[in-house]
file input_37.cif (mmCIF, C-alpha atoms)
data_structure
#
loop_
_atom_site.label_atom_id
_atom_site.label_comp_id
_atom_site.auth_asym_id
_atom_site.auth_seq_id
_atom_site.Cartn_x
_atom_site.Cartn_y
_atom_site.Cartn_z
CA MET A 1 4.18 5.56 12.93
CA ILE A 2 7.04 8.05 13.08
CA GLY A 3 7.70 9.34 16.56
CA ILE A 4 8.61 13.03 16.29
CA SER A 5 9.26 13.27 20.02
CA LYS A 6 11.11 9.93 20.03
CA LEU A 7 13.35 10.72 17.06
CA TYR A 8 13.71 14.47 16.76
CA CYS A 9 13.62 15.25 20.49
CA GLY A 10 15.66 12.20 21.47
CA THR A 11 13.35 10.48 23.97
CA VAL A 12 14.27 7.04 22.57
CA GLU A 13 17.71 5.58 21.90
CA ALA A 14 18.47 2.60 19.67
CA SER A 15 19.46 0.63 22.76
CA ASP A 16 15.98 0.98 24.32
CA PRO A 17 14.15 -1.63 22.16
CA LEU A 18 17.14 -3.95 22.42
CA ARG A 19 16.60 -4.24 26.18
CA TYR A 20 13.43 -6.20 25.36
CA SER A 21 15.09 -8.18 22.52
CA ARG A 22 12.73 -6.24 20.24
CA HIS A 23 10.03 -8.81 21.02
CA SER A 24 6.53 -7.41 20.44
CA GLY A 25 5.12 -9.28 23.43
CA ARG A 26 7.65 -7.69 25.79
CA LEU A 27 8.02 -4.19 24.40
CA PRO A 28 6.17 -1.36 26.15
CA SER A 29 3.60 0.29 23.91
CA HIS A 30 5.76 3.32 23.08
CA LEU A 31 8.48 1.03 21.65
CA LEU A 32 6.22 -1.42 19.84
CA GLN A 33 7.00 0.09 16.42
CA PHE A 34 10.61 -1.10 16.79
CA SER A 35 9.74 -4.79 17.23
CA ALA A 36 11.63 -7.36 15.17
CA ASP A 37 8.90 -10.01 14.89
CA LYS A 38 6.24 -7.57 13.60
CA LYS A 39 3.32 -9.52 14.98
CA PRO A 40 0.27 -7.67 13.70
CA VAL A 41 -1.49 -4.95 15.62
CA VAL A 42 -5.06 -5.69 14.54
CA VAL A 43 -7.63 -3.00 13.86
CA TRP A 44 -11.04 -4.57 14.40
CA ASN A 45 -13.88 -2.46 13.06
CA ILE A 46 -16.40 -3.90 15.49
CA THR A 47 -19.26 -2.01 13.86
CA ARG A 48 -19.87 0.03 10.76
CA ARG A 49 -22.41 2.19 12.55
CA CYS A 50 -21.42 5.76 13.46
CA ASN A 51 -23.21 8.72 14.96
CA LEU A 52 -21.20 11.14 12.79
CA ARG A 53 -20.46 11.34 9.08
CA CYS A 54 -16.87 12.37 8.57
CA HIS A 55 -15.65 13.53 5.16
CA HIS A 56 -12.57 11.27 5.15
CA CYS A 57 -14.23 8.12 6.55
CA TYR A 58 -12.67 4.97 5.04
CA SER A 59 -15.62 2.80 6.18
CA GLN A 60 -18.30 5.05 4.63
CA SER A 61 -20.35 4.70 7.82
CA GLU A 62 -23.82 5.96 8.64
CA ASN A 63 -25.97 5.96 11.79
CA LEU A 64 -27.88 2.78 11.13
CA ASN A 65 -27.65 -0.91 11.93
CA TYR A 66 -25.67 -3.01 9.49
CA ALA A 67 -26.18 -6.70 8.90
CA ASP A 68 -23.63 -9.49 9.33
CA GLU A 69 -21.53 -7.97 12.11
CA LEU A 70 -19.54 -10.48 14.15
CA THR A 71 -21.47 -11.66 17.20
CA THR A 72 -20.06 -11.36 20.70
CA ALA A 73 -19.20 -15.05 20.68
CA GLN A 74 -17.47 -14.77 17.30
CA GLY A 75 -15.60 -11.74 18.64
CA PHE A 76 -14.37 -13.76 21.61
CA GLU A 77 -13.09 -16.46 19.23
CA LEU A 78 -11.24 -13.82 17.22
CA LEU A 79 -9.66 -12.34 20.34
CA ASP A 80 -8.62 -15.79 21.58
CA ASP A 81 -6.95 -16.51 18.25
CA LEU A 82 -5.15 -13.15 18.17
CA ALA A 83 -3.82 -13.67 21.68
CA ALA A 84 -2.58 -17.18 20.85
CA TYR A 85 -1.00 -15.89 17.66
CA GLY A 86 0.93 -13.22 19.55
CA SER A 87 -0.76 -10.05 18.36
CA PRO A 88 0.31 -7.42 20.90
CA VAL A 89 -2.61 -4.98 20.54
CA ILE A 90 -6.26 -5.04 19.51
CA LEU A 91 -7.58 -1.68 18.37
CA PHE A 92 -11.37 -1.44 18.56
CA SER A 93 -12.55 0.89 15.82
CA GLY A 94 -15.60 1.44 13.65
CA GLY A 95 -17.68 3.21 12.53
CA GLU A 96 -17.92 4.40 16.09
CA PRO A 97 -17.08 1.54 18.48
CA LEU A 98 -19.09 3.02 21.35
CA THR A 99 -22.30 2.45 19.36
CA ARG A 100 -21.82 -1.31 19.88
CA PRO A 101 -23.45 -2.34 23.20
CA ASP A 102 -21.07 -5.24 23.95
CA LEU A 103 -17.89 -3.16 23.67
CA PRO A 104 -17.19 -3.50 27.43
CA GLU A 105 -17.51 -7.29 27.16
CA LEU A 106 -15.11 -7.34 24.23
CA ILE A 107 -12.58 -5.18 26.08
CA ALA A 108 -12.84 -7.39 29.17
CA HIS A 109 -12.28 -10.53 27.12
CA ALA A 110 -9.31 -9.02 25.30
CA ARG A 111 -7.72 -8.11 28.60
CA SER A 112 -8.44 -11.57 30.07
CA VAL A 113 -6.46 -13.27 27.29
CA GLY A 114 -3.54 -10.86 27.59
CA LEU A 115 -4.14 -8.42 24.75
CA ARG A 116 -3.53 -4.70 25.13
CA ALA A 117 -6.82 -3.06 24.23
CA VAL A 118 -7.17 0.42 22.75
CA ILE A 119 -10.05 2.34 21.18
CA SER A 120 -10.23 4.71 18.22
CA THR A 121 -13.29 6.91 18.69
CA ASN A 122 -14.77 10.29 17.83
CA GLY A 123 -15.11 10.83 21.58
CA THR A 124 -18.62 12.23 21.51
CA LEU A 125 -20.20 9.26 23.34
CA ILE A 126 -17.68 8.97 26.20
CA THR A 127 -19.78 9.87 29.22
CA GLU A 128 -18.46 9.94 32.78
CA GLN A 129 -19.95 6.50 33.28
CA LYS A 130 -18.33 5.09 30.12
CA ALA A 131 -14.95 6.51 31.08
CA ALA A 132 -15.20 4.96 34.54
CA GLU A 133 -16.11 1.64 32.96
CA PHE A 134 -13.08 1.84 30.65
CA ALA A 135 -10.87 2.51 33.65
CA SER A 136 -12.24 -0.50 35.53
CA LEU A 137 -11.64 -2.73 32.50
CA GLY A 138 -7.98 -1.74 32.20
CA LEU A 139 -8.26 -0.14 28.78
CA SER A 140 -4.77 0.87 27.67
CA TYR A 141 -5.55 3.93 25.57
CA VAL A 142 -8.31 5.97 23.96
CA GLY A 143 -7.52 7.83 20.74
CA VAL A 144 -10.00 10.62 20.04
CA SER A 145 -10.23 11.87 16.48
CA LEU A 146 -10.46 15.61 15.85
CA ASP A 147 -10.29 17.42 12.51
CA GLY A 148 -9.59 20.84 13.90
CA ILE A 149 -10.65 23.25 16.59
CA GLY A 150 -14.33 24.08 17.13
CA PRO A 151 -16.24 24.77 13.88
CA THR A 152 -13.53 23.19 11.71
CA ASN A 153 -13.97 19.88 13.50
CA ASP A 154 -17.76 20.08 13.41
CA TYR A 155 -17.78 20.72 9.67
CA PHE A 156 -15.57 17.75 8.81
CA ARG A 157 -17.28 15.53 11.39
CA GLY A 158 -20.68 16.39 9.93
CA GLN A 159 -22.34 17.42 13.19
CA GLU A 160 -22.61 20.73 15.04
CA GLY A 161 -21.39 20.39 18.62
CA ALA A 162 -19.16 17.38 17.89
CA TYR A 163 -16.07 19.27 19.10
CA VAL A 164 -17.59 20.18 22.47
CA LYS A 165 -18.77 16.59 22.98
CA ALA A 166 -15.38 15.16 22.03
CA LEU A 167 -13.62 17.52 24.42
CA ALA A 168 -15.98 16.41 27.20
CA GLY A 169 -15.12 12.79 26.38
CA ILE A 170 -11.41 13.56 26.63
CA ARG A 171 -11.90 15.23 29.99
CA ASN A 172 -13.98 12.30 31.24
CA CYS A 173 -11.16 9.89 30.38
CA LYS A 174 -8.54 12.05 32.05
CA SER A 175 -10.62 12.40 35.20
CA VAL A 176 -10.54 8.62 35.82
CA GLY A 177 -6.94 8.06 34.75
CA VAL A 178 -7.54 6.53 31.32
CA LYS A 179 -4.73 7.54 28.95
CA VAL A 180 -6.15 9.57 26.11
CA GLY A 181 -4.67 11.20 23.03
CA LEU A 182 -5.66 13.01 19.86
CA ARG A 183 -5.84 11.76 16.27
CA PHE A 184 -5.74 14.44 13.57
CA THR A 185 -5.93 13.72 9.83
CA ILE A 186 -4.15 16.47 7.88
CA HIS A 187 -5.45 17.93 4.63
CA LYS A 188 -5.41 21.29 2.87
CA ASN A 189 -8.53 22.52 4.63
CA ASN A 190 -7.37 22.06 8.22
CA ILE A 191 -3.61 22.68 8.23
CA SER A 192 -4.25 26.08 9.80
CA ASP A 193 -5.60 24.26 12.88
CA ILE A 194 -2.41 22.30 13.61
CA SER A 195 -1.06 24.98 15.93
CA GLY A 196 -4.43 24.97 17.71
CA ILE A 197 -4.09 21.22 18.28
CA PHE A 198 -0.74 21.82 20.00
CA ASP A 199 -2.35 24.54 22.10
CA LEU A 200 -5.10 22.09 23.05
CA LEU A 201 -2.53 19.49 24.14
CA GLU A 202 -1.08 22.02 26.52
CA SER A 203 -4.27 23.61 27.83
CA GLU A 204 -6.03 20.27 28.46
CA GLY A 205 -2.96 18.33 29.63
CA ILE A 206 -3.33 15.74 26.86
CA PRO A 207 -0.18 13.57 26.71
CA ARG A 208 -0.24 12.35 23.10
CA VAL A 209 -1.18 13.31 19.55
CA CYS A 210 -0.96 11.43 16.24
CA PHE A 211 -1.00 13.47 13.04
CA TYR A 212 -2.27 11.30 10.17
CA HIS A 213 -1.41 11.90 6.54
CA LEU A 214 -4.39 11.50 4.23
CA VAL A 215 -4.84 8.03 2.73
CA TYR A 216 -6.99 7.76 -0.37
CA ALA A 217 -9.51 5.03 0.37
CA GLY A 218 -13.23 4.75 0.99
CA ARG A 219 -14.92 8.12 1.18
CA GLY A 220 -11.43 9.60 1.54
CA SER A 221 -10.76 8.77 -2.10
CA GLU A 222 -12.85 11.80 -3.00
CA LEU A 223 -10.31 13.94 -1.14
CA VAL A 224 -7.28 13.24 -3.34
CA ALA A 225 -7.42 16.83 -4.55
CA ASP A 226 -7.42 18.02 -0.93
CA ASP A 227 -4.17 16.29 -0.01
CA LEU A 228 -1.19 18.49 0.73
CA THR A 229 1.28 19.45 -1.94
CA HIS A 230 4.81 18.22 -1.35
CA ALA A 231 5.83 21.71 -0.28
CA GLN A 232 2.96 21.86 2.21
CA SER A 233 3.89 18.44 3.60
CA ARG A 234 7.39 19.68 4.33
CA GLU A 235 6.05 22.87 5.92
CA VAL A 236 3.69 20.84 8.11
CA LEU A 237 6.50 18.54 9.26
CA ASP A 238 8.66 21.55 10.07
CA LEU A 239 5.81 23.02 12.10
CA ILE A 240 5.14 19.77 13.98
CA MET A 241 8.83 19.32 14.75
CA SER A 242 9.22 22.93 15.81
CA ARG A 243 6.19 22.94 18.10
CA THR A 244 7.21 19.62 19.64
CA ALA A 245 10.76 20.81 20.32
CA GLU A 246 9.46 24.09 21.75
CA MET A 247 7.24 22.22 24.22
CA PHE A 248 10.15 19.97 25.20
CA SER A 249 12.28 23.06 25.85
CA ARG A 250 9.70 24.08 28.47
CA GLY A 251 9.58 20.66 30.07
CA LEU A 252 6.31 19.61 28.38
CA LYS A 253 7.30 16.19 27.09
CA LYS A 254 4.29 15.23 25.01
CA GLU A 255 4.34 12.18 22.74
CA VAL A 256 3.96 13.44 19.15
CA LEU A 257 3.77 11.08 16.19
CA THR A 258 2.98 11.21 12.49
CA VAL A 259 1.25 8.31 10.77
CA ASP A 260 0.74 6.97 7.24
CA ASN A 261 3.75 8.53 5.51
CA HIS A 262 7.14 6.97 6.23
CA ALA A 263 8.90 9.69 4.25
CA ASP A 264 8.70 11.59 7.54
CA GLY A 265 11.48 9.40 8.97
CA PRO A 266 14.15 10.24 6.39
CA TYR A 267 12.98 13.86 6.52
CA ILE A 268 13.79 13.98 10.25
CA TYR A 269 17.14 12.31 9.59
CA LEU A 270 18.01 14.88 6.92
CA LYS A 271 16.81 17.75 9.11
CA LEU A 272 19.12 16.65 11.94
CA LEU A 273 22.06 16.54 9.54
CA GLN A 274 21.15 19.99 8.29
CA GLU A 275 21.06 21.24 11.87
CA GLY A 276 24.57 19.93 12.51
CA LYS A 277 23.57 16.96 14.68
CA PRO A 278 25.21 13.97 12.94
CA GLN A 279 25.39 11.83 16.07
CA ARG A 280 21.66 12.09 16.73
CA ALA A 281 20.98 11.60 13.01
CA ALA A 282 22.91 8.32 13.10
CA GLU A 283 20.92 7.19 16.14
CA VAL A 284 17.69 8.08 14.35
CA MET A 285 18.72 6.04 11.31
CA LYS A 286 19.26 2.99 13.54
CA LEU A 287 15.76 3.41 14.96
CA LEU A 288 14.26 3.89 11.49
CA GLU A 289 15.93 0.67 10.37
CA MET A 290 14.29 -1.10 13.31
CA ASN A 291 10.95 0.44 12.41
CA ALA A 292 11.46 -0.81 8.81
CA GLY A 293 8.79 1.41 7.28
CA ASN A 294 5.29 0.59 6.16
CA SER A 295 4.14 -2.80 7.46
CA THR A 296 0.78 -3.25 5.74
CA GLY A 297 0.07 -6.97 5.64
CA LEU A 298 2.73 -7.74 8.22
CA GLY A 299 2.74 -5.57 11.36
CA ILE A 300 -0.75 -4.15 10.88
CA GLY A 301 -3.92 -5.94 9.82
CA CYS A 302 -7.64 -5.32 9.82
CA VAL A 303 -10.83 -7.25 10.49
CA SER A 304 -14.06 -5.68 9.29
CA TRP A 305 -17.42 -5.74 11.09
CA ASP A 306 -18.49 -8.70 8.92
CA GLY A 307 -15.33 -10.71 9.64
CA SER A 308 -13.49 -9.92 6.41
CA VAL A 309 -9.71 -9.70 6.80
CA HIS A 310 -7.78 -6.96 4.99
CA PRO A 311 -4.04 -6.09 4.74
CA ASP A 312 -4.85 -2.92 6.71
CA GLN A 313 -7.88 -0.74 7.39
CA PHE A 314 -7.60 1.06 4.03
CA TRP A 315 -7.65 -2.07 1.81
CA ARG A 316 -11.36 -2.86 1.94
CA HIS A 317 -11.34 -3.77 -1.74
CA GLU A 318 -8.95 -6.64 -0.94
CA ILE A 319 -10.46 -9.46 1.12
CA LEU A 320 -7.99 -12.11 2.26
CA GLY A 321 -10.55 -14.33 3.98
CA ASN A 322 -13.18 -14.22 6.71
CA VAL A 323 -12.80 -15.11 10.38
CA LYS A 324 -16.29 -16.62 10.37
CA GLU A 325 -14.85 -19.37 8.16
CA GLN A 326 -11.16 -19.49 9.06
CA LYS A 327 -8.99 -18.26 11.91
CA PHE A 328 -7.26 -14.92 11.46
CA SER A 329 -3.90 -16.56 12.18
CA GLU A 330 -4.47 -19.02 9.31
CA ILE A 331 -5.58 -16.31 6.91
CA TRP A 332 -2.63 -14.13 7.92
CA ALA A 333 -0.18 -16.88 6.96
CA GLY A 334 -0.98 -16.00 3.35
CA ARG A 335 0.01 -18.07 0.36
CA PRO A 336 3.02 -18.00 -1.98
CA GLY A 337 2.54 -15.37 -4.66
CA GLY A 338 -0.56 -13.93 -2.97
CA LEU A 339 -1.07 -10.29 -1.99
CA LEU A 340 0.28 -10.72 1.53
CA ASP A 341 3.37 -12.47 0.21
CA LYS A 342 3.96 -9.66 -2.27
CA LEU A 343 3.42 -6.91 0.31
CA ARG A 344 5.87 -8.62 2.64
CA ASN A 345 8.44 -8.88 -0.14
CA ARG A 346 7.48 -5.72 -1.99
CA LYS A 347 10.95 -4.41 -2.70
CA GLN A 348 11.29 -6.71 -5.72
CA TYR A 349 8.02 -5.41 -7.21
CA LEU A 350 8.41 -1.67 -6.68
CA THR A 351 9.02 0.56 -9.70
CA GLY A 352 10.15 4.12 -10.36
CA ARG A 353 11.82 6.25 -7.75
CA CYS A 354 10.70 3.96 -4.90
CA ALA A 355 12.76 1.10 -6.33
CA GLN A 356 15.85 3.30 -6.55
CA CYS A 357 15.48 5.22 -3.28
CA ARG A 358 18.35 5.03 -0.78
CA PHE A 359 15.79 5.12 2.04
CA LEU A 360 13.81 2.12 0.81
CA GLY A 361 15.00 0.06 3.77
CA VAL A 362 13.48 2.49 6.26
CA CYS A 363 10.37 3.40 4.25
CA ASN A 364 9.49 0.10 2.54
CA GLY A 365 7.82 1.85 -0.37
CA ASN A 366 5.29 3.57 1.88
CA PHE A 367 1.54 3.20 1.20
CA ARG A 368 0.84 0.92 -1.75
CA VAL A 369 -2.90 1.60 -1.53
CA ARG A 370 -2.25 5.30 -2.23
CA ALA A 371 -0.22 4.44 -5.33
CA GLU A 372 -2.97 2.10 -6.51
CA ALA A 373 -5.68 4.71 -5.92
CA THR A 374 -3.92 7.30 -8.09
CA THR A 375 -2.29 5.17 -10.80
CA GLY A 376 -4.14 1.86 -10.84
CA ASP A 377 -0.83 0.10 -10.16
CA LEU A 378 0.00 -0.68 -6.56
CA TRP A 379 3.74 -0.91 -7.32
CA GLN A 380 4.07 2.64 -8.67
CA PRO A 381 5.65 5.29 -6.38
CA ASP A 382 3.55 6.61 -3.52
CA PRO A 383 2.35 10.06 -4.68
CA ALA A 384 2.55 11.39 -1.13
CA CYS A 385 6.34 11.00 -0.91
CA TYR A 386 7.59 14.58 -0.78
CA LEU A 387 11.33 13.85 -0.72
CA THR A 388 13.23 15.18 -3.74
CA ASP A 389 15.22 13.06 -6.17
CA GLU A 390 18.37 14.63 -4.76
CA GLU A 391 17.41 13.70 -1.19
CA ILE A 392 16.67 10.08 -2.05
CA GLY A 393 19.87 9.77 -4.08
CA ILE A 394 18.61 9.19 -7.60
CA ALA A 395 19.36 12.60 -9.15
#

call {"tool": "encode", "arguments": {"input": "input_37.cif", "output": "structure tokens"}}
result
Amino acid sequence: MIGISKLYCGTVEASDPLRYSRHSGRLPSHLLQFSADKKPVVVWNITRRCNLRCHHCYSQSENLNYADELTTAQGFELLDDLAAYGSPVILFSGGEPLTRPDLPELIAHARSVGLRAVISTNGTLITEQKAAEFASLGLSYVGVSLDGIGPTNDYFRGQEGAYVKALAGIRNCKSVGVKVGLRFTIHKNNISDISGIFDLLESEGIPRVCFYHLVYAGRGSELVADDLTHAQSREVLDLIMSRTAEMFSRGLKKEVLTVDNHADGPYIYLKLLQEGKPQRAAEVMKLLEMNAGNSTGLGIGCVSWDGSVHPDQFWRHEILGNVKEQKFSEIWAGRPGGLLDKLRNRKQYLTGRCAQCRFLGVCNGNFRVRAEATTGDLWQPDPACYLTDEEIGIA
């Protein structure tokens, strides 16, 4: 994650994470990305079932029951292991997590063993009663995915009325004090709705939004041609930064982040230098060094509905083990020369402009799964890096 509001608008200083010794178990959620120990935030796809059919779905979900999902008891064992291992956050995802009847039990157990629990949802199933239940359970955060405003969202979510239902779910969360934010995956066909998302933040009093770059995996792999050009990526970042700064100038201090493209960090750094703000740029570079770039296989991991463990939620073609047979913590230890070991020491394997980039220390080669999807070689440069050769210092 790259915090636009944290970095560009200066809401976080390099000294802030240091107050907590950069320990993931002590850091507040908004500083977790700057941890030094990089204990994994775990995305658990608790079910593959979903009531919608989104175009960019990495789990290729449908509205039907799937076999071999972890039982409630197996889920408790997983949560116990994650807590003992030191994972700071469990993110319940899907499919659509609210289609799983025991979700409240899983949240309650996660909280009882000290995990911060969050949900990634399409929002359409969050009734007033569900929101109240989430509040009583101490749920930390609900991220509601939108693909645009009104008809744009409904088209990409595959269901008419999905936008209205999601908005109702957001309002239900807000009414009972559950923190809620937006998740927006950017592609060529919805970039015109980005300004509308900012308007929605303001009109609905939503405190947070994450703008996701497209990752080519699962059903999303069919959307490679719909990813932004490098020029469009830069225009989008300029727009996001501009709208965020404009809101801050009016006292509306929303949390705005971009996700899944660590080129955004150096871009902010370079933009601050261009704007004649070298002191803030230097502070941003310190924070980016703490962030350390993409942490697939280290600071982020994934457990599928059937118990399979993956380096992150986009690597479903790579199975590291299964929690039905072995603890997550044991699987996550990896083995010398294995995929996890290589991802954690990837700098020695990277080729092309990634290997030569002066920002490698703050980007970490970005998304290897995107390089693999487009070239067949996971060590080739990430095709979504929009920084020029001159900017990265190899021209």

call {"tool": "closest_residue", "arguments": {"input": "input_37.cif", "among": "A:Ala384, A:Lys271, A:Asn261, A:Pro97", "to": "Ala225 in chain A", "atoms": "only C-alpha atoms"}}
result
A:Ala384

call {"tool": "atom_distance", "arguments": {"input": "input_37.cif", "atom1": "CA of Glu255 in chain A", "atom2": "CA of Met285 in chain A"}}
result
19.4 Å

call {"tool": "closest_residue", "arguments": {"input": "input_37.cif", "among": "A:Leu387, A:Leu98, A:Leu115, A:Leu343", "to": "Ser295 in chain A", "atoms": "only C-alpha atoms"}}
result
A:Leu343

call {"tool": "resolve_selection", "arguments": {"input": "input_37.cif", "expression": "the PyMOL selection byres ((chain A and resi 99-108) around 9)", "output": "CSV table (one decimal) with C-alpha atoms, in the coordinates of the input"}}
result
chain,number,residue,atom,x,y,z
A,46,ILE,CA,-16.4,-3.9,15.5
A,47,THR,CA,-19.3,-2.0,13.9
A,49,ARG,CA,-22.4,2.2,12.6
A,50,CYS,CA,-21.4,5.8,13.5
A,51,ASN,CA,-23.2,8.7,15.0
A,72,THR,CA,-20.1,-11.4,20.7
A,75,GLY,CA,-15.6,-11.7,18.6
A,76,PHE,CA,-14.4,-13.8,21.6
A,79,LEU,CA,-9.7,-12.3,20.3
A,92,PHE,CA,-11.4,-1.4,18.6
A,94,GLY,CA,-15.6,1.4,13.6
A,95,GLY,CA,-17.7,3.2,12.5
A,96,GLU,CA,-17.9,4.4,16.1
A,97,PRO,CA,-17.1,1.5,18.5
A,98,LEU,CA,-19.1,3.0,21.4
A,109,HIS,CA,-12.3,-10.5,27.1
A,110,ALA,CA,-9.3,-9.0,25.3
A,111,ARG,CA,-7.7,-8.1,28.6
A,112,SER,CA,-8.4,-11.6,30.1
A,113,VAL,CA,-6.5,-13.3,27.3
A,117,ALA,CA,-6.8,-3.1,24.2
A,118,VAL,CA,-7.2,0.4,22.8
A,125,LEU,CA,-20.2,9.3,23.3
A,133,GLU,CA,-16.1,1.6,33.0
A,134,PHE,CA,-13.1,1.8,30.6
A,137,LEU,CA,-11.6,-2.7,32.5
A,138,GLY,CA,-8.0,-1.7,32.2
A,139,LEU,CA,-8.3,-0.1,28.8

call {"tool": "closest_residue", "arguments": {"input": "input_37.cif", "among": "A:Thr124, A:Asn366, A:Gln380, A:Ser175", "to": "Ile206 in chain A", "atoms": "all atoms listed in the file"}}
result
A:Ser175
